[in-house]
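Data first, discussion second: the structure below is written as structure tokens.
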Amino acid sequence: QLQLVEYGGGLVQPGGSLRLSCVASRSTLNYYAVCWFRQAPGRDREGVSCISSRGISVNYADSVRGRFTIARDNAKNTAYLQMTNLKPEDTAVYYCAAKFVGLSEDYVTSMEDKYEYWGQGTQVTVSS
């Protein structure tokens with residue numbers, strides 16, 4: 001069964017950058033779409049960015065488009081979220097999630113209930 005662990009959260013000043021990593025174990029990430037979600041205090045969890053199993057398709061929430069970049073390295077069983085020009089409203093716990101897609105290399109969805117496997121989350125705090 002796939003296990004996911006997020007790394008890279010922390011405290012950063014507005015305008016700064018962070019790169020989150022989502023490392024998979026116990027199974028290959030090759031056949032999974034991966035999505036990053038986040039949940040701020042008092043708010044529902046929301047999709048941030050998702051990527052298909054081979055990186056063919058990606059999507060971004062409007063609030064992060066142009067500032068965040070999602071990527072993956074299947075050889076390293078790892079997905080990434082590069083976050084730049086961070087804003088205080090980006091403060092949240094960030095989760096990576098994976099959905100088995102088999103050979104559907106271009107399938108990607110940001111529907112939370114479609115994702116079977118979740119990491120424990122990593123805190124990102126943007127504050128001066």
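By order in the structure tokens, chains are A, B, ...; within a chain, residues start at 1; ligands start at 1, following the order shown.
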All residues 8 Å or closer to Asn74 in chain A, only C-alpha atoms, same chain fewer than 2 positions away omitted, as a ChimeraX atom specification: /A:28-30,54,72,76-79
Backbone-only DSSP, strand (DSSP E or B) members of chain A, as a PyMOL selection string: chain A and resi 3-7+10-12+18-25+32-39+46-51+58-60+65+68-73+78-83+92-100+117-118+122-126
Close residues, Gln120 in chain A itself excluded, 8 Å, only C-alpha atoms, min 6 positions apart in chain, as a compact mmCIF listing (two decimals) with all heavy atoms, in the first residue's frame:
# COMPACT_ATOMS: atom_id res chain seq x y z
N LEU A 4 2.83 8.03 1.71
CA LEU A 4 3.29 9.33 1.27
C LEU A 4 3.77 10.13 2.48
O LEU A 4 3.11 10.15 3.52
CB LEU A 4 2.16 10.11 0.58
CG LEU A 4 1.51 9.43 -0.62
CD1 LEU A 4 0.28 10.22 -1.08
CD2 LEU A 4 2.51 9.28 -1.76
N VAL A 5 4.90 10.80 2.32
CA VAL A 5 5.41 11.68 3.36
C VAL A 5 5.80 13.00 2.72
O VAL A 5 6.54 13.03 1.73
CB VAL A 5 6.63 11.06 4.07
CG1 VAL A 5 7.15 12.03 5.14
CG2 VAL A 5 6.26 9.73 4.71
N GLU A 6 5.34 14.09 3.31
CA GLU A 6 5.67 15.42 2.82
C GLU A 6 6.86 15.99 3.59
O GLU A 6 6.99 15.78 4.79
CB GLU A 6 4.49 16.39 2.98
CG GLU A 6 3.22 15.98 2.25
CD GLU A 6 2.25 15.23 3.15
OE1 GLU A 6 2.70 14.67 4.18
OE2 GLU A 6 1.05 15.20 2.84
N TYR A 95 -0.97 19.03 2.09
CA TYR A 95 -1.03 17.58 1.98
C TYR A 95 -0.77 17.15 0.54
O TYR A 95 -1.27 17.79 -0.39
CB TYR A 95 -2.41 17.07 2.37
CG TYR A 95 -2.85 17.41 3.77
CD1 TYR A 95 -3.54 18.59 4.03
CD2 TYR A 95 -2.61 16.53 4.83
CE1 TYR A 95 -3.96 18.90 5.31
CE2 TYR A 95 -3.03 16.83 6.11
CZ TYR A 95 -3.70 18.02 6.35
OH TYR A 95 -4.11 18.32 7.62
Distance criterion (only C-alpha atoms): nearest to Val124 in chain A out of A:Arg65, A:Arg43, A:Arg26, A:Arg38: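 The shortest atom-to-atom distance to Val124 in chain A comes from A:Arg38.
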Spatial neighbours of Gly42 in chain A, max dist 12 Å, only C-alpha atoms, sep filter under 4 positions, as a PyMOL selection string: chain A and resi 38+91-93
The selected residues should be written to file as a tab-separated table (two decimals), in the first residue's frame (atoms: N, CA, C and O atoms).
chain	number	residue	atom	x	y	z
A	38	ARG	N	-4.42	21.86	0.45
A	38	ARG	CA	-4.03	22.62	1.65
A	38	ARG	C	-5.27	22.94	2.47
A	38	ARG	O	-6.38	23.02	1.94
A	91	THR	N	-0.68	30.44	3.97
A	91	THR	CA	-0.47	29.71	5.22
A	91	THR	C	-1.50	28.62	5.38
A	91	THR	O	-2.72	28.87	5.32
A	92	ALA	N	-1.02	27.40	5.58
A	92	ALA	CA	-1.91	26.24	5.67
A	92	ALA	C	-1.08	24.99	5.94
A	92	ALA	O	0.15	25.02	5.84
A	93	VAL	N	-1.77	23.92	6.25
A	93	VAL	CA	-1.14	22.61	6.21
A	93	VAL	C	-1.31	22.07	4.79
A	93	VAL	O	-2.42	22.07	4.25
